[in-house]
Amino acid sequence: MNSEHSYGFETLAIHAGNEPDPTTGAVVPPIYATSTYKQDGVGGLRNGYEYSRSANPTRTALEECLAAIEAGTRGFAFASGLAAEDTLIRSLCVPGDHVVFPDDAYGGTFRLFSKVLGAWGVEMTPAAVTHPEAIRAAIRPGKTKVVWLETPTNPLLNVADIAIVAQIAHDAGAILVVDNTFASPYLQQPLELGADVVVHSTTKYMGGHSDVIGGALIVRDADLADKIAFHQNAIGAVASPFDSFLVLRGIKTLGVRMDRHSDNAEKVVDFLQRHKGVTSVLYPGVEGHPGHETAAKQMKRFGGIVSFRVTGGEQHALDICNKAEVFTLGESLGGVESLIEHPGKMTHASVAGTPLEVPADLIRLSVGIETIDDLLQDLDRAMS
């Protein structure tokens with residue numbers, strides 16, 4: 001693509017990194033199912049390829065696309081979102097360093113920091129992403145190397161003001177990392193708002209079809225990119241060629257899918273707000289949501305994830321999850337099919353008994369792109 005031209009998001013999602021194959025003209029990048037590459041003499045690498053842990057043409061195509069759609073300069077594809085996160089922290093921190101972490105975050109990320117990176121020597125302090133002064137207060141001058149955000153958060157859908165937190169982090173000499181999985185780059189671009197690194201579980205909206213596990217990091221700074229590239233190769237938790245192909249394919253329809261996810265989620269929210277068995281609806285698109293104005297400022301739309309709390313406590317929440325049919329009971333999110341889950345017993349079981357514990361009467365929906373009337377009827381029946 002002409003690098004001097006400014007293309008729209010959907011055009012980049014379809015074409016960035018997707019140059020026609022020079023041998024055949026194939027418009028879809030081939031799956032390079034190879035572990036190694038013939039060298040033209042010792043050290044004579046063809047286009048820089050020597051071993052597929054270090055680089056693979058299918059993964060390169062995905063990484064170029066990731067950088068383009070997140071307004072970054074370099075992207076890195078991993079075997080999972082947690083592999084991306086682990087590689088990032090080992091690129092940025094050494095034992096004894098400190099991270100400010102969301103007090104409402106994905107349970108797997110919390111487990112990584114508390115059980116794995118904590119044992120390695122990286123300390124963590126939870127702070128409310130909605131309160132910039134709480135983040136500032138949690139910073140340890142000289143020790144805090146990373147401020148970590150999810151926005152919207154998982155599963156309570158709290159919203160952080162990325163630009164304000166970026167300034168706080170940079171004033172302290174720290175790097176701001178934003179997990180953009182819930183929003184996707186179609187709805188929110190953290191690098192444009194001052195973030196230094198964007199994290200994705202590409203398993204979710206990027207892949208979009210619940211058929212691949214993957215993760216990604218995207219940056220702008222060249223020195224930071226070199227650090228990540230070194231650790232990506234040294235640690236080796238890279239995306240396979242086939243997984244790279246699947247994520248790249250999913251990204252092509254990301255824009256149209258996110259619009260449909262958002263359309264359906266808004267109608268689900270309206271239904272839930274009127275249901276007598278619902279005590280509260282957690283969705284940034286609701287005007288009464290405490291993060292609504294911030295979300296409206298930094299997001300294109302409000303996405304496909306809806307959380308809500310119900311009367312009757314934990315047992316009623318579990319009953320609803322078990323009775324749903326069109327909404328599939330399952331973990332993960334961001335696929336074309338709608339999912340329902342009980343965070344306290346499923347995705348966030350690892351935070352039970354910690355400051356990040358989620359309410360027992362909470363249900364999280366990943367609203368898919370099915371016919372909306374079918375989704376609403378399914379919820380109505382499950383909640384009756």
# chains A, B, ... in the order shown; residues from 1 in each chain; ligands from 1
>>> select_by_dssp(residues="range 19-255 of chain A", states="helix (DSSP H, G or I)", output="mmCIF file with N, CA, C and O atoms, in the first residue's frame")
data_model
loop_
_atom_site.group_PDB
_atom_site.id
_atom_site.type_symbol
_atom_site.label_atom_id
_atom_site.label_comp_id
_atom_site.auth_asym_id
_atom_site.auth_seq_id
_atom_site.Cartn_x
_atom_site.Cartn_y
_atom_site.Cartn_z
ATOM 1 N N PRO A 57 6.647 -15.356 7.405
ATOM 2 C CA PRO A 57 5.947 -14.401 6.542
ATOM 3 C C PRO A 57 4.462 -14.226 6.858
ATOM 4 O O PRO A 57 3.928 -13.113 6.728
ATOM 5 N N THR A 58 3.784 -15.295 7.286
ATOM 6 C CA THR A 58 2.371 -15.150 7.628
ATOM 7 C C THR A 58 2.212 -14.305 8.881
ATOM 8 O O THR A 58 1.321 -13.446 8.967
ATOM 9 N N ARG A 59 3.089 -14.532 9.857
ATOM 10 C CA ARG A 59 3.045 -13.724 11.072
ATOM 11 C C ARG A 59 3.446 -12.281 10.778
ATOM 12 O O ARG A 59 2.874 -11.337 11.342
ATOM 13 N N THR A 60 4.396 -12.089 9.888
ATOM 14 C CA THR A 60 4.789 -10.736 9.499
ATOM 15 C C THR A 60 3.613 -9.974 8.923
ATOM 16 O O THR A 60 3.392 -8.797 9.242
ATOM 17 N N ALA A 61 2.830 -10.646 8.081
ATOM 18 C CA ALA A 61 1.646 -10.001 7.496
ATOM 19 C C ALA A 61 0.681 -9.554 8.586
ATOM 20 O O ALA A 61 0.154 -8.432 8.557
ATOM 21 N N LEU A 62 0.442 -10.437 9.565
ATOM 22 C CA LEU A 62 -0.447 -10.077 10.668
ATOM 23 C C LEU A 62 0.135 -8.918 11.466
ATOM 24 O O LEU A 62 -0.591 -7.965 11.826
ATOM 25 N N GLU A 63 1.416 -8.963 11.782
ATOM 26 C CA GLU A 63 2.025 -7.922 12.602
ATOM 27 C C GLU A 63 1.992 -6.561 11.909
ATOM 28 O O GLU A 63 1.784 -5.529 12.552
ATOM 29 N N GLU A 64 2.162 -6.550 10.593
ATOM 30 C CA GLU A 64 2.052 -5.288 9.859
ATOM 31 C C GLU A 64 0.623 -4.753 9.900
ATOM 32 O O GLU A 64 0.398 -3.543 10.038
ATOM 33 N N CYS A 65 -0.349 -5.643 9.812
ATOM 34 C CA CYS A 65 -1.747 -5.233 9.868
ATOM 35 C C CYS A 65 -2.097 -4.709 11.258
ATOM 36 O O CYS A 65 -2.769 -3.677 11.392
ATOM 37 N N LEU A 66 -1.638 -5.404 12.301
ATOM 38 C CA LEU A 66 -1.894 -4.959 13.668
ATOM 39 C C LEU A 66 -1.366 -3.543 13.898
ATOM 40 O O LEU A 66 -2.047 -2.694 14.490
ATOM 41 N N ALA A 67 -0.148 -3.288 13.445
ATOM 42 C CA ALA A 67 0.435 -1.955 13.618
ATOM 43 C C ALA A 67 -0.394 -0.900 12.900
ATOM 44 O O ALA A 67 -0.638 0.190 13.439
ATOM 45 N N ALA A 68 -0.854 -1.227 11.706
ATOM 46 C CA ALA A 68 -1.600 -0.249 10.913
ATOM 47 C C ALA A 68 -2.935 0.111 11.556
ATOM 48 O O ALA A 68 -3.297 1.289 11.657
ATOM 49 N N ILE A 69 -3.684 -0.895 12.012
ATOM 50 C CA ILE A 69 -5.028 -0.600 12.508
ATOM 51 C C ILE A 69 -5.016 -0.008 13.915
ATOM 52 O O ILE A 69 -6.005 0.576 14.349
ATOM 53 N N GLY A 81 -3.066 -13.959 24.568
ATOM 54 C CA GLY A 81 -2.975 -12.649 25.190
ATOM 55 C C GLY A 81 -2.064 -12.654 26.399
ATOM 56 O O GLY A 81 -1.296 -11.717 26.616
ATOM 57 N N LEU A 82 -2.128 -13.716 27.206
ATOM 58 C CA LEU A 82 -1.272 -13.802 28.390
ATOM 59 C C LEU A 82 0.196 -13.962 28.004
ATOM 60 O O LEU A 82 1.079 -13.453 28.696
ATOM 61 N N ALA A 83 0.478 -14.655 26.909
ATOM 62 C CA ALA A 83 1.861 -14.751 26.433
ATOM 63 C C ALA A 83 2.381 -13.373 26.046
ATOM 64 O O ALA A 83 3.538 -13.025 26.323
ATOM 65 N N ALA A 84 1.522 -12.568 25.416
ATOM 66 C CA ALA A 84 1.916 -11.203 25.066
ATOM 67 C C ALA A 84 2.203 -10.394 26.326
ATOM 68 O O ALA A 84 3.202 -9.656 26.403
ATOM 69 N N GLU A 85 1.338 -10.516 27.333
ATOM 70 C CA GLU A 85 1.504 -9.749 28.563
ATOM 71 C C GLU A 85 2.776 -10.158 29.309
ATOM 72 O O GLU A 85 3.523 -9.308 29.803
ATOM 73 N N ASP A 86 3.010 -11.447 29.404
ATOM 74 C CA ASP A 86 4.204 -11.927 30.103
ATOM 75 C C ASP A 86 5.474 -11.446 29.403
ATOM 76 O O ASP A 86 6.415 -10.968 30.044
ATOM 77 N N THR A 87 5.496 -11.555 28.080
ATOM 78 C CA THR A 87 6.657 -11.095 27.322
ATOM 79 C C THR A 87 6.868 -9.600 27.507
ATOM 80 O O THR A 87 8.010 -9.128 27.653
ATOM 81 N N LEU A 88 5.783 -8.836 27.532
ATOM 82 C CA LEU A 88 5.895 -7.394 27.694
ATOM 83 C C LEU A 88 6.507 -7.029 29.041
ATOM 84 O O LEU A 88 7.438 -6.215 29.111
ATOM 85 N N ILE A 89 6.002 -7.630 30.118
ATOM 86 C CA ILE A 89 6.518 -7.276 31.443
ATOM 87 C C ILE A 89 7.986 -7.675 31.572
ATOM 88 O O ILE A 89 8.794 -6.940 32.162
ATOM 89 N N ARG A 90 8.371 -8.801 31.010
ATOM 90 C CA ARG A 90 9.779 -9.204 31.072
ATOM 91 C C ARG A 90 10.656 -8.309 30.195
ATOM 92 O O ARG A 90 11.872 -8.232 30.401
ATOM 93 N N SER A 91 10.027 -7.627 29.230
ATOM 94 C CA SER A 91 10.759 -6.656 28.418
ATOM 95 C C SER A 91 10.955 -5.332 29.143
ATOM 96 O O SER A 91 11.926 -4.614 28.885
ATOM 97 N N LEU A 92 10.023 -5.014 30.040
ATOM 98 C CA LEU A 92 10.021 -3.693 30.668
ATOM 99 C C LEU A 92 10.539 -3.683 32.098
ATOM 100 O O LEU A 92 10.979 -2.640 32.584
ATOM 101 N N GLY A 107 -9.299 -11.857 35.287
ATOM 102 C CA GLY A 107 -8.728 -12.743 36.293
ATOM 103 C C GLY A 107 -7.435 -13.399 35.858
ATOM 104 O O GLY A 107 -6.529 -13.620 36.677
ATOM 105 N N GLY A 108 -7.298 -13.725 34.580
ATOM 106 C CA GLY A 108 -6.071 -14.349 34.096
ATOM 107 C C GLY A 108 -4.884 -13.407 34.162
ATOM 108 O O GLY A 108 -3.760 -13.825 34.481
ATOM 109 N N THR A 109 -5.110 -12.130 33.886
ATOM 110 C CA THR A 109 -4.035 -11.148 33.995
ATOM 111 C C THR A 109 -3.636 -10.965 35.452
ATOM 112 O O THR A 109 -2.447 -10.889 35.783
ATOM 113 N N PHE A 110 -4.630 -10.917 36.343
ATOM 114 C CA PHE A 110 -4.329 -10.813 37.765
ATOM 115 C C PHE A 110 -3.522 -12.026 38.237
ATOM 116 O O PHE A 110 -2.555 -11.890 38.988
ATOM 117 N N ARG A 111 -3.903 -13.207 37.794
ATOM 118 C CA ARG A 111 -3.172 -14.423 38.178
ATOM 119 C C ARG A 111 -1.733 -14.365 37.687
ATOM 120 O O ARG A 111 -0.795 -14.737 38.401
ATOM 121 N N LEU A 112 -1.534 -13.893 36.453
ATOM 122 C CA LEU A 112 -0.180 -13.769 35.913
ATOM 123 C C LEU A 112 0.676 -12.860 36.791
ATOM 124 O O LEU A 112 1.815 -13.201 37.139
ATOM 125 N N PHE A 113 0.120 -11.699 37.157
ATOM 126 C CA PHE A 113 0.889 -10.745 37.948
ATOM 127 C C PHE A 113 1.090 -11.232 39.372
ATOM 128 O O PHE A 113 2.190 -11.119 39.931
ATOM 129 N N SER A 114 0.038 -11.766 39.985
ATOM 130 C CA SER A 114 0.115 -12.096 41.404
ATOM 131 C C SER A 114 0.862 -13.394 41.663
ATOM 132 O O SER A 114 1.595 -13.511 42.661
ATOM 133 N N LYS A 115 0.707 -14.395 40.794
ATOM 134 C CA LYS A 115 1.276 -15.715 41.048
ATOM 135 C C LYS A 115 2.583 -15.988 40.298
ATOM 136 O O LYS A 115 3.453 -16.710 40.794
ATOM 137 N N VAL A 116 2.719 -15.418 39.109
ATOM 138 C CA VAL A 116 3.895 -15.711 38.286
ATOM 139 C C VAL A 116 4.911 -14.574 38.355
ATOM 140 O O VAL A 116 6.051 -14.758 38.784
ATOM 141 N N LEU A 117 4.498 -13.384 37.932
ATOM 142 C CA LEU A 117 5.427 -12.261 37.934
ATOM 143 C C LEU A 117 5.755 -11.823 39.359
ATOM 144 O O LEU A 117 6.866 -11.353 39.632
ATOM 145 N N GLY A 118 4.805 -12.002 40.288
ATOM 146 C CA GLY A 118 5.086 -11.698 41.686
ATOM 147 C C GLY A 118 6.178 -12.584 42.246
ATOM 148 O O GLY A 118 7.071 -12.123 42.972
ATOM 149 N N ALA A 119 6.128 -13.873 41.902
ATOM 150 C CA ALA A 119 7.175 -14.797 42.357
ATOM 151 C C ALA A 119 8.521 -14.468 41.726
ATOM 152 O O ALA A 119 9.580 -14.763 42.293
ATOM 153 N N TRP A 120 8.492 -13.859 40.545
ATOM 154 C CA TRP A 120 9.720 -13.444 39.852
ATOM 155 C C TRP A 120 10.312 -12.185 40.497
ATOM 156 O O TRP A 120 11.484 -11.888 40.314
ATOM 157 N N PRO A 132 -7.975 8.910 38.588
ATOM 158 C CA PRO A 132 -6.576 9.208 38.275
ATOM 159 C C PRO A 132 -5.726 9.485 39.506
ATOM 160 O O PRO A 132 -4.548 9.095 39.549
ATOM 161 N N GLU A 133 -6.305 10.124 40.516
ATOM 162 C CA GLU A 133 -5.512 10.427 41.710
ATOM 163 C C GLU A 133 -5.164 9.163 42.484
ATOM 164 O O GLU A 133 -4.122 9.102 43.153
ATOM 165 N N ALA A 134 -6.028 8.138 42.405
ATOM 166 C CA ALA A 134 -5.708 6.858 43.042
ATOM 167 C C ALA A 134 -4.535 6.200 42.328
ATOM 168 O O ALA A 134 -3.665 5.576 42.963
ATOM 169 N N ILE A 135 -4.491 6.338 41.016
ATOM 170 C CA ILE A 135 -3.365 5.809 40.249
ATOM 171 C C ILE A 135 -2.089 6.559 40.611
ATOM 172 O O ILE A 135 -1.031 5.957 40.832
ATOM 173 N N ARG A 136 -2.186 7.885 40.681
ATOM 174 C CA ARG A 136 -1.013 8.692 41.041
ATOM 175 C C ARG A 136 -0.498 8.305 42.429
ATOM 176 O O ARG A 136 0.706 8.183 42.659
ATOM 177 N N ALA A 137 -1.432 8.089 43.370
ATOM 178 C CA ALA A 137 -1.043 7.752 44.738
ATOM 179 C C ALA A 137 -0.400 6.370 44.824
ATOM 180 O O ALA A 137 0.417 6.117 45.719
ATOM 181 N N ALA A 138 -0.770 5.473 43.906
ATOM 182 C CA ALA A 138 -0.229 4.113 43.936
ATOM 183 C C ALA A 138 1.173 4.025 43.350
ATOM 184 O O ALA A 138 1.880 3.028 43.552
ATOM 185 N N ILE A 162 -7.740 7.653 29.222
ATOM 186 C CA ILE A 162 -6.406 7.234 28.795
ATOM 187 C C ILE A 162 -5.441 8.413 28.752
ATOM 188 O O ILE A 162 -4.290 8.310 29.196
ATOM 189 N N ALA A 163 -5.884 9.535 28.224
ATOM 190 C CA ALA A 163 -4.985 10.688 28.077
ATOM 191 C C ALA A 163 -4.510 11.196 29.440
ATOM 192 O O ALA A 163 -3.328 11.526 29.615
ATOM 193 N N ILE A 164 -5.412 11.266 30.416
ATOM 194 C CA ILE A 164 -5.032 11.743 31.743
ATOM 195 C C ILE A 164 -4.068 10.771 32.413
ATOM 196 O O ILE A 164 -3.045 11.172 32.987
ATOM 197 N N VAL A 165 -4.360 9.477 32.347
ATOM 198 C CA VAL A 165 -3.499 8.482 32.983
ATOM 199 C C VAL A 165 -2.142 8.421 32.285
ATOM 200 O O VAL A 165 -1.107 8.208 32.928
ATOM 201 N N ALA A 166 -2.118 8.638 30.969
ATOM 202 C CA ALA A 166 -0.847 8.667 30.246
ATOM 203 C C ALA A 166 0.052 9.766 30.794
ATOM 204 O O ALA A 166 1.260 9.563 30.998
ATOM 205 N N GLN A 167 -0.525 10.933 31.060
ATOM 206 C CA GLN A 167 0.272 12.038 31.599
ATOM 207 C C GLN A 167 0.796 11.711 32.983
ATOM 208 O O GLN A 167 1.961 11.995 33.313
ATOM 209 N N ILE A 168 -0.040 11.086 33.817
ATOM 210 C CA ILE A 168 0.384 10.697 35.162
ATOM 211 C C ILE A 168 1.540 9.699 35.086
ATOM 212 O O ILE A 168 2.547 9.828 35.799
ATOM 213 N N ALA A 169 1.402 8.697 34.212
ATOM 214 C CA ALA A 169 2.453 7.687 34.075
ATOM 215 C C ALA A 169 3.752 8.312 33.589
ATOM 216 O O ALA A 169 4.834 8.050 34.131
ATOM 217 N N HIS A 170 3.657 9.157 32.580
ATOM 218 C CA HIS A 170 4.860 9.742 31.999
ATOM 219 C C HIS A 170 5.540 10.716 32.958
ATOM 220 O O HIS A 170 6.770 10.804 32.989
ATOM 221 N N ASP A 171 4.741 11.422 33.757
ATOM 222 C CA ASP A 171 5.334 12.319 34.763
ATOM 223 C C ASP A 171 6.175 11.528 35.765
ATOM 224 O O ASP A 171 7.148 12.060 36.331
ATOM 225 N N SER A 184 -11.454 -3.007 20.984
ATOM 226 C CA SER A 184 -10.873 -3.267 19.660
ATOM 227 C C SER A 184 -10.368 -1.964 19.068
ATOM 228 O O SER A 184 -10.855 -0.875 19.424
ATOM 229 N N PRO A 185 -9.420 -2.026 18.143
ATOM 230 C CA PRO A 185 -8.902 -0.791 17.548
ATOM 231 C C PRO A 185 -9.928 -0.059 16.688
ATOM 232 O O PRO A 185 -9.734 1.114 16.367
ATOM 233 N N TYR A 186 -11.007 -0.736 16.332
ATOM 234 C CA TYR A 186 -12.058 -0.060 15.563
ATOM 235 C C TYR A 186 -12.779 0.978 16.420
ATOM 236 O O TYR A 186 -13.159 2.045 15.937
ATOM 237 N N LEU A 187 -12.953 0.689 17.704
ATOM 238 C CA LEU A 187 -13.695 1.584 18.584
ATOM 239 C C LEU A 187 -12.809 2.516 19.396
ATOM 240 O O LEU A 187 -13.276 3.554 19.860
ATOM 241 N N PRO A 190 -5.727 3.637 21.738
ATOM 242 C CA PRO A 190 -4.992 4.174 22.883
ATOM 243 C C PRO A 190 -3.684 4.875 22.542
ATOM 244 O O PRO A 190 -3.294 5.826 23.231
ATOM 245 N N LEU A 191 -2.971 4.426 21.501
ATOM 246 C CA LEU A 191 -1.705 5.076 21.156
ATOM 247 C C LEU A 191 -1.935 6.522 20.752
ATOM 248 O O LEU A 191 -1.094 7.400 21.008
ATOM 249 N N GLU A 192 -3.064 6.794 20.128
ATOM 250 C CA GLU A 192 -3.393 8.163 19.733
ATOM 251 C C GLU A 192 -3.700 9.034 20.948
ATOM 252 O O GLU A 192 -3.640 10.260 20.861
ATOM 253 N N LEU A 193 -4.031 8.395 22.081
ATOM 254 C CA LEU A 193 -4.390 9.117 23.302
ATOM 255 C C LEU A 193 -3.237 9.210 24.296
ATOM 256 O O LEU A 193 -3.415 9.704 25.403
ATOM 257 N N ALA A 222 10.596 3.206 18.781
ATOM 258 C CA ALA A 222 11.505 2.249 18.144
ATOM 259 C C ALA A 222 12.324 1.472 19.170
ATOM 260 O O ALA A 222 12.525 0.257 19.022
ATOM 261 N N ASP A 223 12.816 2.130 20.210
ATOM 262 C CA ASP A 223 13.608 1.429 21.225
ATOM 263 C C ASP A 223 12.763 0.408 21.976
ATOM 264 O O ASP A 223 13.214 -0.713 22.250
ATOM 265 N N LEU A 224 11.536 0.788 22.303
ATOM 266 C CA LEU A 224 10.634 -0.139 22.976
ATOM 267 C C LEU A 224 10.313 -1.323 22.075
ATOM 268 O O LEU A 224 10.271 -2.481 22.523
ATOM 269 N N ALA A 225 10.116 -1.062 20.796
ATOM 270 C CA ALA A 225 9.849 -2.133 19.841
ATOM 271 C C ALA A 225 11.016 -3.107 19.779
ATOM 272 O O ALA A 225 10.819 -4.331 19.731
ATOM 273 N N ASP A 226 12.244 -2.596 19.794
ATOM 274 C CA ASP A 226 13.417 -3.473 19.746
ATOM 275 C C ASP A 226 13.500 -4.362 20.987
ATOM 276 O O ASP A 226 13.862 -5.536 20.897
ATOM 277 N N LYS A 227 13.165 -3.802 22.153
ATOM 278 C CA LYS A 227 13.160 -4.611 23.378
ATOM 279 C C LYS A 227 12.148 -5.739 23.284
ATOM 280 O O LYS A 227 12.422 -6.891 23.637
ATOM 281 N N ILE A 228 10.952 -5.409 22.809
ATOM 282 C CA ILE A 228 9.907 -6.427 22.697
ATOM 283 C C ILE A 228 10.300 -7.478 21.662
ATOM 284 O O ILE A 228 10.107 -8.682 21.885
ATOM 285 N N ALA A 229 10.857 -7.041 20.546
ATOM 286 C CA ALA A 229 11.265 -7.989 19.505
ATOM 287 C C ALA A 229 12.307 -8.970 20.033
ATOM 288 O O ALA A 229 12.246 -10.177 19.755
ATOM 289 N N PHE A 230 13.271 -8.479 20.813
ATOM 290 C CA PHE A 230 14.286 -9.354 21.392
ATOM 291 C C PHE A 230 13.636 -10.395 22.300
ATOM 292 O O PHE A 230 13.930 -11.591 22.215
ATOM 293 N N HIS A 231 12.752 -9.942 23.183
ATOM 294 C CA HIS A 231 12.142 -10.862 24.135
ATOM 295 C C HIS A 231 11.141 -11.799 23.446
ATOM 296 O O HIS A 231 10.993 -12.951 23.860
ATOM 297 N N GLN A 232 10.459 -11.316 22.427
ATOM 298 C CA GLN A 232 9.558 -12.199 21.686
ATOM 299 C C GLN A 232 10.325 -13.388 21.124
ATOM 300 O O GLN A 232 9.886 -14.542 21.230
ATOM 301 N N ASN A 233 11.490 -13.129 20.555
ATOM 302 C CA ASN A 233 12.307 -14.200 19.989
ATOM 303 C C ASN A 233 12.951 -15.045 21.087
ATOM 304 O O ASN A 233 12.989 -16.275 20.997
ATOM 305 N N ALA A 234 13.407 -14.389 22.148
ATOM 306 C CA ALA A 234 14.112 -15.113 23.208
ATOM 307 C C ALA A 234 13.175 -16.008 24.017
ATOM 308 O O ALA A 234 13.550 -17.109 24.421
ATOM 309 N N ILE A 235 11.955 -15.534 24.259
ATOM 310 C CA ILE A 235 10.990 -16.312 25.034
ATOM 311 C C ILE A 235 10.244 -17.301 24.142
ATOM 312 O O ILE A 235 9.982 -18.435 24.543
ATOM 313 N N PRO A 241 1.879 -19.913 12.210
ATOM 314 C CA PRO A 241 1.427 -19.422 10.903
ATOM 315 C C PRO A 241 -0.080 -19.569 10.704
ATOM 316 O O PRO A 241 -0.742 -18.652 10.201
ATOM 317 N N PHE A 242 -0.650 -20.718 11.099
ATOM 318 C CA PHE A 242 -2.085 -20.923 10.896
ATOM 319 C C PHE A 242 -2.900 -19.986 11.780
ATOM 320 O O PHE A 242 -3.893 -19.394 11.335
ATOM 321 N N ASP A 243 -2.488 -19.817 13.041
ATOM 322 C CA ASP A 243 -3.196 -18.895 13.928
ATOM 323 C C ASP A 243 -3.075 -17.462 13.414
ATOM 324 O O ASP A 243 -4.038 -16.680 13.494
ATOM 325 N N SER A 244 -1.917 -17.097 12.893
ATOM 326 C CA SER A 244 -1.747 -15.765 12.309
ATOM 327 C C SER A 244 -2.702 -15.562 11.137
ATOM 328 O O SER A 244 -3.319 -14.495 10.994
ATOM 329 N N PHE A 245 -2.840 -16.593 10.318
ATOM 330 C CA PHE A 245 -3.763 -16.540 9.180
ATOM 331 C C PHE A 245 -5.197 -16.320 9.647
ATOM 332 O O PHE A 245 -5.935 -15.500 9.092
ATOM 333 N N LEU A 246 -5.607 -17.040 10.698
ATOM 334 C CA LEU A 246 -6.980 -16.919 11.180
ATOM 335 C C LEU A 246 -7.259 -15.529 11.749
ATOM 336 O O LEU A 246 -8.324 -14.949 11.498
ATOM 337 N N VAL A 247 -6.314 -14.975 12.520
ATOM 338 C CA VAL A 247 -6.522 -13.634 13.067
ATOM 339 C C VAL A 247 -6.545 -12.601 11.954
ATOM 340 O O VAL A 247 -7.386 -11.687 11.943
ATOM 341 N N LEU A 248 -5.649 -12.738 10.995
ATOM 342 C CA LEU A 248 -5.605 -11.802 9.871
ATOM 343 C C LEU A 248 -6.919 -11.844 9.095
ATOM 344 O O LEU A 248 -7.450 -10.803 8.690
ATOM 345 N N ARG A 249 -7.465 -13.036 8.920
ATOM 346 C CA ARG A 249 -8.760 -13.174 8.242
ATOM 347 C C ARG A 249 -9.856 -12.494 9.053
ATOM 348 O O ARG A 249 -10.707 -11.788 8.516
ATOM 349 N N GLY A 250 -9.836 -12.694 10.385
ATOM 350 C CA GLY A 250 -10.854 -12.078 11.220
ATOM 351 C C GLY A 250 -10.826 -10.566 11.184
ATOM 352 O O GLY A 250 -11.878 -9.904 11.181
ATOM 353 N N ILE A 251 -9.636 -9.993 11.158
ATOM 354 C CA ILE A 251 -9.504 -8.536 11.172
ATOM 355 C C ILE A 251 -10.186 -7.897 9.972
ATOM 356 O O ILE A 251 -10.703 -6.770 10.061
ATOM 357 N N LEU A 254 -13.552 -6.819 10.963
ATOM 358 C CA LEU A 254 -13.673 -6.289 12.315
ATOM 359 C C LEU A 254 -14.625 -5.097 12.380
ATOM 360 O O LEU A 254 -15.484 -5.020 13.265
ATOM 361 N N GLY A 255 -14.500 -4.166 11.448
ATOM 362 C CA GLY A 255 -15.331 -2.963 11.483
ATOM 363 C C GLY A 255 -16.816 -3.267 11.405
ATOM 364 O O GLY A 255 -17.607 -2.793 12.229
#
>>> residues_around(residues="Val278 in chain A", least_positions_apart="4", cutoff="9 Å", atoms="only C-alpha atoms", output="list of chain:residue names")
A:Leu272, A:Gln273, A:Arg274, A:Phe308, A:Arg309, A:Val310, A:Thr311
>>> closest_residue(among="A:Leu12, A:Ile363, A:Ala265, A:Ala55", to="Ser280 in chain A", atoms="only C-alpha atoms")
A:Ile363
>>> closest_residue(among="A:Gly75, A:Asp97, A:Pro141, A:Leu149", to="Gly121 in chain A", atoms="only C-alpha atoms")
A:Asp97
>>> closest_residue(among="A:Thr144, A:Ser332, A:Thr130, A:Thr11", to="Val159 in chain A", atoms="only C-alpha atoms")
A:Thr130
>>> closest_residue(among="A:Glu341, A:Glu266, A:Glu287, A:Glu50", to="Ser35 in chain A", atoms="only C-alpha atoms")
A:Glu50
>>> closest_residue(among="A:Glu314, A:Leu356, A:Gly208, A:Val336", to="Pro102 in chain A", atoms="only C-alpha atoms")
A:Leu356
>>> select_by_dssp(residues="range 18-230 of chain A", states="strand (DSSP E or B)", output="PyMOL selection string")
chain A and resi 36+46+49+51+74-78+98-102+123-127+144-150+175-179+197-201+215-219
>>> residues_around(residues="range 290-295 of chain A", least_positions_apart="4", cutoff="7 Å", atoms="only C-alpha atoms", output="number ranges by chain")
A: 158-159, 161, 284-286, 299
>>> closest_residue(among="A:Asp179, A:Glu150, A:Asp104, A:Glu337", to="His209 in chain A", atoms="only C-alpha atoms")
A:Glu337
>>> atom_distance(atom1="CA of Thr202 in chain A", atom2="CA of Ser80 in chain A")
7.5 Å
